[in-house]
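Accompanying notes for the structure given below.
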Amino acid sequence: MEREHLASAVLADDTRFGIYRHIAERPGAKVTVVDVAEQFGLHPNVARMHLGKLEQAGFLIASQRRSPGGGRPAKLYSLADGVQVFAIPPRRYELLAELALDVVAVTATQEAADSVCREAGQAEGRRYMADLGAQPARPAELAEAVRAVAEGQGLLPRVWLDDDGLHVDVRNCVFRETGGRHPDLACGMHRAYLEGVVQALGGTPSGPIGADGVPIRCGGDCCHLVCSLHVRATA
């Protein structure tokens, strides 16, 4: 429990949490003390202290970049590979998640797995609407609702609309650790879940949610999902 206590204490500081969130949204990036000091309006010594505490708690890892002209190398901070889970007393669900995904891969089709995840997304969307007390009536409201639900799931999303439809950048993949053995299955399940969320919130996808670019599991900074849709009118 000492690790959980240290981790929770480190993120209890609002500025430190903001720094961690800023780095977590750019999982492939490396930042320096100067970068963080400028971004958050801090003295470099204060920024260095916050980064050091995040590194000590295991949220960040540090490396060094040597200057071409010599001199003291710059310290670079990036997001740690391991996932941080808070539970007191601690409970480790990673093994159960891995075994469950193995069972799905052996005993179920992709279509069956997607159906379960789509229904789970629909249930989450309905819960959000029940709390909100209304269904989104315009595309912009739907996009904000999808962002809020995805944020609640820890996906660190960026959501926007254009002529192609609804775009979602997932910057924190919930399957990152457990989906390595079955990446196609895990990615399909993730897309089906978001499909269900969109459907429950009043959007009608014109087809399956597609994925563009390099996903997180292949070294990308995010999983970029695109959904062509129209918004159902409310009564």
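By convention here, the chains of the structure tokens are called A, B, ... in the order presented, each chain's residues are numbered starting at 1, and ligands are numbered starting at 1 in the order presented.
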
Q: Just the residues within 10 Å of segment 48-57 of chain A, please, counting only C-alpha atoms, with nothing from its chain fewer than 2 positions along; format it as an MDAnalysis selection string.
A: chainID A and resid 3:11 13 15:17 19:20 31:34 36:37 42:46 59:62 75:80 84

Selection file, N, CA and C atoms, as an mmCIF file, in the first residue's frame:
```
data_model
loop_
_atom_site.group_PDB
_atom_site.id
_atom_site.type_symbol
_atom_site.label_atom_id
_atom_site.label_comp_id
_atom_site.auth_asym_id
_atom_site.auth_seq_id
_atom_site.Cartn_x
_atom_site.Cartn_y
_atom_site.Cartn_z
ATOM 1 N N ARG A 3 3.159 2.151 -2.117
ATOM 2 C CA ARG A 3 3.241 2.704 -3.469
ATOM 3 C C ARG A 3 1.986 3.491 -3.800
ATOM 4 N N GLU A 4 0.809 2.941 -3.459
ATOM 5 C CA GLU A 4 -0.451 3.631 -3.734
ATOM 6 C C GLU A 4 -0.532 4.953 -2.973
ATOM 7 N N HIS A 5 -0.052 4.938 -1.717
ATOM 8 C CA HIS A 5 -0.091 6.159 -0.918
ATOM 9 C C HIS A 5 0.808 7.231 -1.532
ATOM 10 N N LEU A 6 2.005 6.849 -1.972
ATOM 11 C CA LEU A 6 2.918 7.806 -2.593
ATOM 12 C C LEU A 6 2.322 8.367 -3.878
ATOM 13 N N ALA A 7 1.777 7.485 -4.707
ATOM 14 C CA ALA A 7 1.229 7.928 -5.986
ATOM 15 C C ALA A 7 0.062 8.888 -5.791
ATOM 16 N N SER A 8 -0.831 8.567 -4.869
ATOM 17 C CA SER A 8 -1.989 9.441 -4.642
ATOM 18 C C SER A 8 -1.552 10.780 -4.060
ATOM 19 N N ALA A 9 -0.547 10.767 -3.189
ATOM 20 C CA ALA A 9 -0.065 12.020 -2.607
ATOM 21 C C ALA A 9 0.575 12.908 -3.664
ATOM 22 N N VAL A 10 1.306 12.302 -4.592
ATOM 23 C CA VAL A 10 1.965 13.071 -5.642
ATOM 24 C C VAL A 10 0.942 13.776 -6.526
ATOM 25 N N LEU A 11 -0.137 13.100 -6.898
ATOM 26 C CA LEU A 11 -1.132 13.688 -7.796
ATOM 27 C C LEU A 11 -2.153 14.562 -7.078
ATOM 28 N N ASP A 13 -1.552 17.299 -5.646
ATOM 29 C CA ASP A 13 -1.234 18.695 -5.959
ATOM 30 C C ASP A 13 -1.787 19.043 -7.338
ATOM 31 N N THR A 15 -1.206 21.483 -9.508
ATOM 32 C CA THR A 15 -0.219 21.806 -10.542
ATOM 33 C C THR A 15 0.474 20.548 -11.034
ATOM 34 N N ARG A 16 0.834 19.682 -10.101
ATOM 35 C CA ARG A 16 1.522 18.443 -10.480
ATOM 36 C C ARG A 16 0.605 17.551 -11.319
ATOM 37 N N PHE A 17 -0.674 17.497 -10.946
ATOM 38 C CA PHE A 17 -1.618 16.715 -11.740
ATOM 39 C C PHE A 17 -1.741 17.302 -13.142
ATOM 40 N N ILE A 19 0.546 18.930 -14.808
ATOM 41 C CA ILE A 19 1.763 18.572 -15.548
ATOM 42 C C ILE A 19 1.680 17.134 -16.037
ATOM 43 N N TYR A 20 1.234 16.245 -15.156
ATOM 44 C CA TYR A 20 1.122 14.840 -15.541
ATOM 45 C C TYR A 20 0.109 14.674 -16.666
ATOM 46 N N VAL A 31 9.678 15.980 -22.635
ATOM 47 C CA VAL A 31 9.692 17.385 -22.255
ATOM 48 C C VAL A 31 10.854 17.658 -21.318
ATOM 49 N N THR A 32 11.278 18.902 -21.305
ATOM 50 C CA THR A 32 12.340 19.338 -20.410
ATOM 51 C C THR A 32 11.754 20.193 -19.289
ATOM 52 N N VAL A 33 12.591 20.507 -18.321
ATOM 53 C CA VAL A 33 12.184 21.402 -17.244
ATOM 54 C C VAL A 33 11.752 22.749 -17.814
ATOM 55 N N VAL A 34 12.493 23.242 -18.791
ATOM 56 C CA VAL A 34 12.167 24.536 -19.400
ATOM 57 C C VAL A 34 10.807 24.480 -20.087
ATOM 58 N N VAL A 36 8.204 22.623 -19.354
ATOM 59 C CA VAL A 36 7.142 22.608 -18.349
ATOM 60 C C VAL A 36 7.043 23.963 -17.648
ATOM 61 N N ALA A 37 8.180 24.568 -17.358
ATOM 62 C CA ALA A 37 8.174 25.878 -16.704
ATOM 63 C C ALA A 37 7.443 26.905 -17.567
ATOM 64 N N LEU A 42 5.915 28.540 -14.384
ATOM 65 C CA LEU A 42 6.610 28.202 -13.150
ATOM 66 C C LEU A 42 8.079 28.596 -13.241
ATOM 67 N N HIS A 43 8.694 28.812 -12.071
ATOM 68 C CA HIS A 43 10.149 28.942 -12.037
ATOM 69 C C HIS A 43 10.738 27.573 -12.368
ATOM 70 N N PRO A 44 11.832 27.504 -13.131
ATOM 71 C CA PRO A 44 12.417 26.209 -13.484
ATOM 72 C C PRO A 44 12.681 25.292 -12.289
ATOM 73 N N ASN A 45 13.082 25.859 -11.157
ATOM 74 C CA ASN A 45 13.332 25.017 -9.979
ATOM 75 C C ASN A 45 12.049 24.357 -9.471
ATOM 76 N N VAL A 46 10.922 25.092 -9.574
ATOM 77 C CA VAL A 46 9.639 24.529 -9.152
ATOM 78 C C VAL A 46 9.207 23.439 -10.139
ATOM 79 N N PHE A 59 5.358 7.779 -12.364
ATOM 80 C CA PHE A 59 4.499 8.272 -13.431
ATOM 81 C C PHE A 59 5.306 8.645 -14.674
ATOM 82 N N LEU A 60 6.532 9.090 -14.482
ATOM 83 C CA LEU A 60 7.389 9.510 -15.581
ATOM 84 C C LEU A 60 8.717 8.766 -15.536
ATOM 85 N N ILE A 61 9.382 8.710 -16.676
ATOM 86 C CA ILE A 61 10.756 8.215 -16.731
ATOM 87 C C ILE A 61 11.627 9.335 -17.289
ATOM 88 N N ALA A 62 12.892 9.324 -16.919
ATOM 89 C CA ALA A 62 13.804 10.385 -17.327
ATOM 90 C C ALA A 62 14.953 9.811 -18.149
ATOM 91 N N LYS A 75 17.850 17.009 -19.124
ATOM 92 C CA LYS A 75 17.055 15.868 -18.672
ATOM 93 C C LYS A 75 15.709 15.894 -19.375
ATOM 94 N N LEU A 76 15.342 14.767 -19.964
ATOM 95 C CA LEU A 76 14.090 14.654 -20.701
ATOM 96 C C LEU A 76 13.131 13.760 -19.932
ATOM 97 N N TYR A 77 11.893 14.187 -19.827
ATOM 98 C CA TYR A 77 10.876 13.420 -19.097
ATOM 99 C C TYR A 77 9.798 12.958 -20.072
ATOM 100 N N SER A 78 9.376 11.710 -19.912
ATOM 101 C CA SER A 78 8.308 11.166 -20.749
ATOM 102 C C SER A 78 7.430 10.253 -19.910
ATOM 103 N N LEU A 79 6.293 9.897 -20.473
ATOM 104 C CA LEU A 79 5.332 9.064 -19.762
ATOM 105 C C LEU A 79 5.901 7.669 -19.555
ATOM 106 N N ALA A 80 5.755 7.143 -18.339
ATOM 107 C CA ALA A 80 6.218 5.792 -18.040
ATOM 108 C C ALA A 80 5.345 4.769 -18.759
ATOM 109 N N GLN A 84 -0.710 3.065 -13.876
ATOM 110 C CA GLN A 84 -0.887 3.306 -12.454
ATOM 111 C C GLN A 84 -2.353 3.081 -12.090
#
```

Q. Where does DSSP see strand (DSSP E or B) in segment 120-203 of chain A, if you list the residues as a VMD selection string?
A. chain A and resid 158 to 162 165 to 170 203

(Q) Show me, as a VMD selection string, the residues that have an atom within 9 Å of segment 179-191 of chain A when counting only C-alpha atoms, minus same-chain residues fewer than 3 positions from it. (A) chain A and resid 98 101 to 102 104 to 105 110 113 to 118 173 to 176 194 to 196 208 to 211 217 225

Would you write out those residues with C-alpha atoms, as a PDB file, in the first residue's frame?
```pdb
ATOM      1  CA  GLU A  98      -5.649 -10.714 -19.732  1.00  0.00           C
ATOM      2  CA  LEU A 101      -9.347 -11.445 -23.360  1.00  0.00           C
ATOM      3  CA  ASP A 102      -7.677 -14.824 -23.981  1.00  0.00           C
ATOM      4  CA  VAL A 104     -12.788 -14.230 -25.792  1.00  0.00           C
ATOM      5  CA  ALA A 105     -10.100 -14.819 -28.439  1.00  0.00           C
ATOM      6  CA  GLN A 110     -14.990 -10.800 -33.373  1.00  0.00           C
ATOM      7  CA  ALA A 113     -17.165  -9.587 -28.884  1.00  0.00           C
ATOM      8  CA  ASP A 114     -18.065  -6.374 -30.726  1.00  0.00           C
ATOM      9  CA  SER A 115     -21.758  -6.893 -29.941  1.00  0.00           C
ATOM     10  CA  VAL A 116     -21.068  -7.152 -26.199  1.00  0.00           C
ATOM     11  CA  CYS A 117     -18.863  -4.051 -26.271  1.00  0.00           C
ATOM     12  CA  ARG A 118     -21.387  -2.100 -28.340  1.00  0.00           C
ATOM     13  CA  CYS A 173      -5.748   3.158 -24.617  1.00  0.00           C
ATOM     14  CA  VAL A 174      -7.465   1.078 -21.921  1.00  0.00           C
ATOM     15  CA  PHE A 175      -6.288  -2.073 -23.724  1.00  0.00           C
ATOM     16  CA  ARG A 176      -2.637  -1.003 -23.910  1.00  0.00           C
ATOM     17  CA  LEU A 194     -17.481   3.911 -28.847  1.00  0.00           C
ATOM     18  CA  GLU A 195     -20.024   3.039 -31.547  1.00  0.00           C
ATOM     19  CA  GLY A 196     -22.453   2.072 -28.807  1.00  0.00           C
ATOM     20  CA  PRO A 208     -18.500   1.033 -38.525  1.00  0.00           C
ATOM     21  CA  ILE A 209     -16.119   3.419 -36.810  1.00  0.00           C
ATOM     22  CA  GLY A 210     -12.876   3.501 -38.755  1.00  0.00           C
ATOM     23  CA  ALA A 211      -9.306   4.007 -37.577  1.00  0.00           C
ATOM     24  CA  ARG A 217      -0.073  -0.141 -29.716  1.00  0.00           C
ATOM     25  CA  LEU A 225     -11.171   7.108 -34.836  1.00  0.00           C
TER      26      LEU A 225
END
```

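Going from atom CA of Gly203 of chain A to atom CA of Arg126 of chain A covers 12.4 Å.
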
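Rounded to one decimal, atom CA of Val159 of chain A and atom CA of Leu142 of chain A lie 10.1 Å from each other.
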
Q | Which of segment 13-214 of chain A DSSP labels helix (DSSP H, G or I), written as a VMD selection string | A | chain A and resid 14 to 24 33 to 40 44 to 56 94 to 107 110 to 132 139 to 152 183 to 200

Q: Please indicate the distance in Å from atom CA of Cys218 of chain A to atom CA of Leu99 of chain A, rounded to one decimal place.
A: 22.1 Å
